Amino acid sequence: MNKNFVNFHVLISHSPSCLNRDDMNMQKSAIFGGKRRVRISSQSLKRTMRKSDYYKKYLGDASIRTKRLSDLKNKIIEALKGRFDADLISKTLVLLSGKDFSAEVAVEGDSVAPWAVEEVAWFCEQVKKGMAEKLDDKGLGKQLKDQTEAMRKSLASGIDIALSGRMATSGLMSELGKIDGSIAVAHAITTHVVDADIDWFTAVDDLQEMGSGHLDTQEFSSGVFYRYASLDLGLLQENLGNASRAKALEIAAHVLHMLATEVPSAKQQSFAAHNLADLAMVSFSDIPVSLANAFEEPVKAAPGGGFLKPSIKEFHNYWQSVHSGYGLDEYCAEFTLGTVEAPSGVKSVKSLEELKTWVRENGEG
């Protein structure tokens with residue numbers, strides 16, 4: 001029997017780094033279980049994934065997220081050159097955004113919003129047909145309302161919109177382009193308490209005889225992070241114009257890969273914390289289930305040091321408690337580095353690729 005939700009659980013140990021900062025240039029953090037944890041925001045994780053080389057290779061070009069509509073117009077005119085003339089593209093963007101591009105001033109939208117080039121191309125085609133039928137803007141809008149499924153299919157080249165959703169407040173997009181996100185991504189937090197270190201760094205001026213040319217500080221730390229995301233397969237299929245479950249499962253397998261391997265780029269030239277996941281568990285379930293409360297009581301370092309092994313142990317113990325306590329009907333599989341034994345009821349696989357194949361096979365392999 002098909003389960004609608006795919007839950008992704010990842011434990012990843014980052015060496016000293018500062019992967020996500022606030023407006024004070026300090027590491028983002030959160031209080032959980034009454035204790036400070038280092039945090040990587042969900043926005044940072046999602047942007048890291050959609051801007052990755054892996055995303056581009058397997059899922060195509062990500063959307064363009066901007067409120068600078070004048071610049072967007074120029075970019076889309078260039079991208080669709082040879083397919084549609086500039087006036088048609090401009091007219092289409094006016095209809096979609098509800099903004100006037102006629103004045104010689106920069107035009108901005110109400111907020112930063114995602115735009116997919118192929119989706120705009122689909123609308124250009126519809127506007128072209130409407131003009132041939134001599135439809136006014138109101139008539140064209142009415143006609144397009146009946147073609148939502150066809151429009152959504154154009155998001156095959158804007159999958160991040162189908163995953164993360166979109167809100168629009170003006171123009172045709174406010175009526176046709178609203179999309180509920182099919183993936184929920186949690187802020188990643190350390191499984192344990194973290195006391196940050198401060199790096200006093202200098203930039204040496206080679207032409208200065210004494211002292212340094214620049215002196216500053218940077219907060220950094222290391223830790224084991226718990227990453228969690230939940231994917232609503234049915235909503236993803238709907239967002240892609242009623243795509244097949246196989247298509248949604250393929251995307252889910254790529255989401256798993258990125259959650260286990262992609263790391264934010266902040267300060268990486270200074271810290272090079274290019275670490276891969278130590279554990280990745282996937283479950284097919286009837287409901288989204290986070291296991292963050294495995295770490296509500298901060299993990300203590302193992303005898304001799306190290307937070308990774310005790311974090312995996314607490315994660316497995318909590319999974320077992322939730323699974324049995326609520327009688328969850330799940331299909332679960334896990335990949336771990338090393339010789340960690342998976343809990344009873346969790347299929348153990350030997351590699352991330354094998355786990356991705358299990359996801360593609362609907363958790364039935």
# chains A, B, ... in the order shown; residues from 1 in each chain; ligands from 1
$ residues_around --residues "A:Arg50" --least-positions-apart "3" --cutoff "9 Å" --atoms "only C-alpha atoms" --output "PyMOL selection string"
chain A and resi 45-47+53-56+59+61-63+160
$ write_last_selection --atoms "N, CA and C atoms" --output "PDB file, in the first residue's frame"
ATOM      1  N   LEU A  45      19.669  25.595   3.832  1.00  0.00           N
ATOM      2  CA  LEU A  45      19.758  24.236   3.299  1.00  0.00           C
ATOM      3  C   LEU A  45      19.063  24.127   1.942  1.00  0.00           C
ATOM      4  N   LYS A  46      17.875  24.721   1.830  1.00  0.00           N
ATOM      5  CA  LYS A  46      17.137  24.633   0.563  1.00  0.00           C
ATOM      6  C   LYS A  46      17.875  25.360  -0.566  1.00  0.00           C
ATOM      7  N   ARG A  47      18.431  26.523  -0.246  1.00  0.00           N
ATOM      8  CA  ARG A  47      19.178  27.248  -1.282  1.00  0.00           C
ATOM      9  C   ARG A  47      20.435  26.485  -1.685  1.00  0.00           C
ATOM     10  N   ASP A  53      25.524  21.761  -8.008  1.00  0.00           N
ATOM     11  CA  ASP A  53      25.784  21.138  -9.310  1.00  0.00           C
ATOM     12  C   ASP A  53      24.951  19.874  -9.474  1.00  0.00           C
ATOM     13  N   TYR A  54      24.731  19.168  -8.363  1.00  0.00           N
ATOM     14  CA  TYR A  54      23.930  17.943  -8.427  1.00  0.00           C
ATOM     15  C   TYR A  54      22.509  18.262  -8.877  1.00  0.00           C
ATOM     16  N   TYR A  55      21.918  19.304  -8.294  1.00  0.00           N
ATOM     17  CA  TYR A  55      20.556  19.694  -8.689  1.00  0.00           C
ATOM     18  C   TYR A  55      20.508  19.992 -10.184  1.00  0.00           C
ATOM     19  N   LYS A  56      21.441  20.789 -10.658  1.00  0.00           N
ATOM     20  CA  LYS A  56      21.437  21.176 -12.077  1.00  0.00           C
ATOM     21  C   LYS A  56      21.585  19.956 -12.975  1.00  0.00           C
ATOM     22  N   LEU A  59      18.106  17.575 -11.914  1.00  0.00           N
ATOM     23  CA  LEU A  59      16.776  18.172 -11.847  1.00  0.00           C
ATOM     24  C   LEU A  59      16.625  19.402 -12.740  1.00  0.00           C
ATOM     25  N   ASP A  61      17.567  23.336 -14.388  1.00  0.00           N
ATOM     26  CA  ASP A  61      17.816  24.686 -13.877  1.00  0.00           C
ATOM     27  C   ASP A  61      16.836  25.023 -12.763  1.00  0.00           C
ATOM     28  N   ALA A  62      17.347  25.617 -11.711  1.00  0.00           N
ATOM     29  CA  ALA A  62      16.487  26.071 -10.628  1.00  0.00           C
ATOM     30  C   ALA A  62      15.776  27.353 -11.054  1.00  0.00           C
ATOM     31  N   SER A  63      14.738  27.708 -10.324  1.00  0.00           N
ATOM     32  CA  SER A  63      14.009  28.934 -10.612  1.00  0.00           C
ATOM     33  C   SER A  63      14.886  30.160 -10.369  1.00  0.00           C
ATOM     34  N   ASP A 160      12.114  23.108  -8.034  1.00  0.00           N
ATOM     35  CA  ASP A 160      12.220  23.699  -6.695  1.00  0.00           C
ATOM     36  C   ASP A 160      10.955  24.463  -6.314  1.00  0.00           C
TER      37      ASP A 160
END
$ select_by_dssp --residues "stretch 139-270 of chain A" --states "alpha helix (DSSP H)" --output "short mmCIF file (atom, residue, chain, number, x, y, z; two decimals) with N, CA and C atoms, in the first residue's frame"
data_model
loop_
_atom_site.label_atom_id
_atom_site.label_comp_id
_atom_site.auth_asym_id
_atom_site.auth_seq_id
_atom_site.Cartn_x
_atom_site.Cartn_y
_atom_site.Cartn_z
N GLY A 139 -10.43 38.18 -20.55
CA GLY A 139 -10.84 36.94 -21.21
C GLY A 139 -9.73 35.90 -21.19
N LEU A 140 -8.51 36.37 -21.38
CA LEU A 140 -7.37 35.46 -21.35
C LEU A 140 -7.22 34.86 -19.96
N GLY A 141 -7.38 35.68 -18.93
CA GLY A 141 -7.27 35.19 -17.56
C GLY A 141 -8.30 34.10 -17.28
N LYS A 142 -9.54 34.31 -17.73
CA LYS A 142 -10.60 33.31 -17.54
C LYS A 142 -10.25 32.01 -18.25
N GLN A 143 -9.71 32.12 -19.45
CA GLN A 143 -9.35 30.93 -20.22
C GLN A 143 -8.23 30.14 -19.54
N LEU A 144 -7.26 30.85 -18.98
CA LEU A 144 -6.12 30.19 -18.35
C LEU A 144 -6.49 29.48 -17.05
N THR A 148 -4.87 24.89 -15.38
CA THR A 148 -3.89 24.83 -14.29
C THR A 148 -3.00 23.61 -14.39
N GLU A 149 -3.56 22.47 -14.72
CA GLU A 149 -2.77 21.24 -14.80
C GLU A 149 -1.70 21.35 -15.88
N ALA A 150 -2.06 21.89 -17.04
CA ALA A 150 -1.08 22.05 -18.12
C ALA A 150 0.02 23.02 -17.71
N MET A 151 -0.37 24.09 -17.00
CA MET A 151 0.61 25.06 -16.53
C MET A 151 1.59 24.39 -15.56
N ARG A 152 1.06 23.58 -14.65
CA ARG A 152 1.91 22.93 -13.65
C ARG A 152 2.92 21.98 -14.30
N LYS A 153 2.56 21.39 -15.42
CA LYS A 153 3.48 20.49 -16.10
C LYS A 153 4.74 21.22 -16.56
N ILE A 159 11.48 22.55 -10.66
CA ILE A 159 11.06 21.59 -9.63
C ILE A 159 11.17 22.18 -8.24
N ASP A 160 12.11 23.11 -8.03
CA ASP A 160 12.22 23.70 -6.69
C ASP A 160 10.95 24.46 -6.31
N ILE A 161 10.21 24.99 -7.30
CA ILE A 161 8.94 25.66 -7.01
C ILE A 161 7.90 24.62 -6.59
N ALA A 162 7.88 23.48 -7.28
CA ALA A 162 6.96 22.40 -6.91
C ALA A 162 7.28 21.86 -5.52
N LEU A 163 8.55 21.93 -5.13
CA LEU A 163 8.95 21.46 -3.80
C LEU A 163 8.68 22.50 -2.73
N SER A 164 9.18 23.71 -2.93
CA SER A 164 9.14 24.73 -1.88
C SER A 164 7.90 25.62 -1.93
N GLY A 171 -1.28 40.38 -10.13
CA GLY A 171 -1.27 39.83 -11.49
C GLY A 171 -1.90 38.45 -11.56
N LEU A 172 -1.76 37.85 -12.75
CA LEU A 172 -2.32 36.50 -12.94
C LEU A 172 -1.69 35.48 -12.00
N MET A 173 -0.44 35.72 -11.60
CA MET A 173 0.23 34.77 -10.71
C MET A 173 -0.50 34.65 -9.38
N SER A 174 -1.15 35.73 -8.93
CA SER A 174 -1.87 35.67 -7.66
C SER A 174 -3.07 34.75 -7.74
N GLU A 175 -3.59 34.54 -8.97
CA GLU A 175 -4.74 33.66 -9.17
C GLU A 175 -4.32 32.25 -9.61
N LEU A 176 -3.30 32.19 -10.45
CA LEU A 176 -2.93 30.91 -11.06
C LEU A 176 -1.65 30.30 -10.50
N LEU A 233 4.33 13.32 -1.18
CA LEU A 233 4.41 12.83 -2.56
C LEU A 233 3.18 13.21 -3.38
N GLY A 234 2.00 13.10 -2.77
CA GLY A 234 0.77 13.43 -3.50
C GLY A 234 0.73 14.88 -3.92
N LEU A 235 1.15 15.78 -3.03
CA LEU A 235 1.16 17.21 -3.36
C LEU A 235 2.23 17.51 -4.40
N LEU A 236 3.37 16.83 -4.33
CA LEU A 236 4.40 17.02 -5.35
C LEU A 236 3.87 16.62 -6.72
N GLN A 237 3.16 15.49 -6.79
CA GLN A 237 2.58 15.06 -8.06
C GLN A 237 1.60 16.10 -8.59
N GLU A 238 0.76 16.63 -7.69
CA GLU A 238 -0.21 17.66 -8.08
C GLU A 238 0.49 18.92 -8.57
N ASN A 239 1.55 19.33 -7.86
CA ASN A 239 2.28 20.54 -8.24
C ASN A 239 2.96 20.42 -9.59
N ARG A 245 3.64 8.81 -9.88
CA ARG A 245 4.32 8.56 -8.61
C ARG A 245 5.79 8.24 -8.86
N ALA A 246 6.08 7.56 -9.95
CA ALA A 246 7.47 7.23 -10.26
C ALA A 246 8.30 8.50 -10.41
N LYS A 247 7.73 9.54 -11.03
CA LYS A 247 8.43 10.82 -11.17
C LYS A 247 8.69 11.44 -9.81
N ALA A 248 7.68 11.39 -8.93
CA ALA A 248 7.83 11.96 -7.59
C ALA A 248 8.87 11.19 -6.79
N LEU A 249 8.90 9.88 -6.94
CA LEU A 249 9.89 9.06 -6.22
C LEU A 249 11.30 9.33 -6.73
N GLU A 250 11.43 9.57 -8.01
CA GLU A 250 12.75 9.92 -8.57
C GLU A 250 13.26 11.21 -7.95
N ILE A 251 12.37 12.20 -7.84
CA ILE A 251 12.75 13.47 -7.21
C ILE A 251 13.10 13.24 -5.75
N ALA A 252 12.33 12.39 -5.06
CA ALA A 252 12.60 12.08 -3.65
C ALA A 252 14.00 11.48 -3.47
N ALA A 253 14.40 10.63 -4.39
CA ALA A 253 15.74 10.02 -4.31
C ALA A 253 16.82 11.08 -4.44
N HIS A 254 16.60 12.07 -5.30
CA HIS A 254 17.58 13.15 -5.46
C HIS A 254 17.58 14.08 -4.24
N VAL A 255 16.42 14.30 -3.65
CA VAL A 255 16.36 15.09 -2.41
C VAL A 255 17.18 14.40 -1.32
N LEU A 256 17.05 13.09 -1.20
CA LEU A 256 17.84 12.33 -0.24
C LEU A 256 19.33 12.56 -0.48
N HIS A 257 19.76 12.44 -1.72
CA HIS A 257 21.18 12.61 -2.03
C HIS A 257 21.68 13.98 -1.58
N MET A 258 20.90 15.02 -1.88
CA MET A 258 21.34 16.37 -1.54
C MET A 258 21.33 16.62 -0.04
N LEU A 259 20.35 16.07 0.67
CA LEU A 259 20.33 16.24 2.12
C LEU A 259 21.53 15.56 2.78
N ALA A 260 22.03 14.50 2.15
CA ALA A 260 23.15 13.75 2.72
C ALA A 260 24.51 14.29 2.30
N THR A 261 24.55 15.10 1.26
CA THR A 261 25.86 15.47 0.71
C THR A 261 26.11 16.96 0.55
N GLN A 268 33.57 28.55 3.72
CA GLN A 268 34.21 27.27 3.40
C GLN A 268 35.64 27.45 2.91
N GLN A 269 35.97 28.61 2.36
CA GLN A 269 37.37 28.83 1.97
C GLN A 269 38.27 28.92 3.19
N SER A 270 37.67 29.24 4.33
CA SER A 270 38.44 29.34 5.58
C SER A 270 38.42 28.05 6.39
#
$ closest_residue --among "A:Phe284, A:Gly241, A:Thr217, A:Phe123" --to "A:Ile179" --atoms "only C-alpha atoms"
A:Gly241
$ residues_around --residues "A:Ser13" --least-positions-apart "6" --cutoff "8 Å" --atoms "only C-alpha atoms" --output "PyMOL selection string"
chain A and resi 222-225+275-278+308
$ residues_around --residues "stretch 104-110 of chain A" --least-positions-apart "2" --cutoff "6 Å" --atoms "only C-alpha atoms" --output "list of chain:residue names"
A:Lys67, A:Arg68, A:Leu69, A:Ser70
$ atom_distance --atom1 "atom CA of A:Lys81" --atom2 "atom CA of A:Asp136"
25.1 Å
$ residues_around --residues "stretch 111-119 of chain A" --least-positions-apart "3" --cutoff "6 Å" --atoms "only C-alpha atoms" --output "list in words"
Ser63, Ile64, Arg65, Thr66, Lys67, Trp122, Ser154 and Gly158 of chain A
$ atom_distance --atom1 "atom CA of A:Leu11" --atom2 "atom CA of A:Tyr226"
4.8 Å
$ select_by_dssp --residues "stretch 167-261 of chain A" --states "strand (DSSP E)" --output "ChimeraX atom specification"
/A:183-185,188-190,197-203,214-232
$ decode --residues "stretch 330-360 of chain A" --atoms "N, CA and C atoms" --output "compact mmCIF listing (two decimals), in the first residue's frame"
# COMPACT_ATOMS: atom_id res chain seq x y z
N GLU A 330 5.19 2.01 8.98
CA GLU A 330 6.18 2.64 8.13
C GLU A 330 7.03 1.59 7.41
N TYR A 331 7.60 2.02 6.28
CA TYR A 331 8.67 1.25 5.65
C TYR A 331 9.93 2.07 5.84
N CYS A 332 10.93 1.50 6.48
CA CYS A 332 12.14 2.25 6.82
C CYS A 332 13.39 1.56 6.30
N ALA A 333 14.33 2.36 5.85
CA ALA A 333 15.64 1.85 5.44
C ALA A 333 16.70 2.87 5.83
N GLU A 334 17.92 2.37 6.02
CA GLU A 334 18.98 3.23 6.55
C GLU A 334 20.34 2.86 5.97
N PHE A 335 21.12 3.92 5.74
CA PHE A 335 22.52 3.75 5.37
C PHE A 335 23.38 4.45 6.41
N THR A 336 24.39 3.77 6.91
CA THR A 336 25.31 4.40 7.85
C THR A 336 26.75 4.06 7.45
N LEU A 337 27.64 4.98 7.78
CA LEU A 337 29.06 4.69 7.64
C LEU A 337 29.50 3.86 8.84
N GLY A 338 30.43 2.95 8.65
CA GLY A 338 30.90 2.14 9.78
C GLY A 338 30.06 0.89 9.96
N THR A 339 30.07 0.37 11.18
CA THR A 339 29.44 -0.93 11.45
C THR A 339 28.26 -0.81 12.41
N VAL A 340 27.55 0.31 12.36
CA VAL A 340 26.40 0.52 13.24
C VAL A 340 25.26 -0.40 12.82
N GLU A 341 24.64 -1.07 13.80
CA GLU A 341 23.53 -1.97 13.51
C GLU A 341 22.22 -1.21 13.53
N ALA A 342 21.42 -1.34 12.48
CA ALA A 342 20.13 -0.67 12.41
C ALA A 342 19.14 -1.32 13.37
N PRO A 343 18.16 -0.58 13.87
CA PRO A 343 17.14 -1.16 14.75
C PRO A 343 16.32 -2.21 14.02
N SER A 344 15.71 -3.09 14.80
CA SER A 344 14.81 -4.10 14.22
C SER A 344 13.66 -3.40 13.51
N GLY A 345 13.38 -3.80 12.28
CA GLY A 345 12.32 -3.16 11.50
C GLY A 345 12.83 -2.14 10.51
N VAL A 346 14.14 -1.87 10.55
CA VAL A 346 14.75 -0.93 9.60
C VAL A 346 15.68 -1.71 8.68
N LYS A 347 15.42 -1.61 7.39
CA LYS A 347 16.25 -2.28 6.40
C LYS A 347 17.60 -1.59 6.34
N SER A 348 18.68 -2.34 6.44
CA SER A 348 20.02 -1.78 6.38
C SER A 348 20.59 -1.96 4.98
N VAL A 349 21.09 -0.87 4.40
CA VAL A 349 21.70 -0.93 3.07
C VAL A 349 23.15 -0.49 3.17
N LYS A 350 23.93 -0.82 2.15
CA LYS A 350 25.38 -0.64 2.24
C LYS A 350 25.89 0.68 1.65
N SER A 351 25.04 1.41 0.93
CA SER A 351 25.51 2.64 0.31
C SER A 351 24.35 3.60 0.12
N LEU A 352 24.69 4.87 -0.10
CA LEU A 352 23.66 5.87 -0.37
C LEU A 352 22.94 5.56 -1.68
N GLU A 353 23.67 5.07 -2.68
CA GLU A 353 23.03 4.72 -3.95
C GLU A 353 22.00 3.62 -3.77
N GLU A 354 22.31 2.66 -2.90
CA GLU A 354 21.35 1.57 -2.64
C GLU A 354 20.10 2.12 -1.95
N LEU A 355 20.30 3.09 -1.05
CA LEU A 355 19.16 3.70 -0.37
C LEU A 355 18.31 4.50 -1.36
N LYS A 356 18.95 5.19 -2.29
CA LYS A 356 18.22 5.92 -3.32
C LYS A 356 17.40 4.97 -4.19
N THR A 357 17.98 3.83 -4.52
CA THR A 357 17.24 2.83 -5.31
C THR A 357 16.02 2.35 -4.54
N TRP A 358 16.18 2.13 -3.25
CA TRP A 358 15.07 1.70 -2.39
C TRP A 358 13.95 2.74 -2.41
N VAL A 359 14.32 4.02 -2.40
CA VAL A 359 13.32 5.10 -2.47
C VAL A 359 12.61 5.05 -3.81
N ARG A 360 13.37 4.91 -4.90
CA ARG A 360 12.77 4.85 -6.23
C ARG A 360 11.79 3.68 -6.36
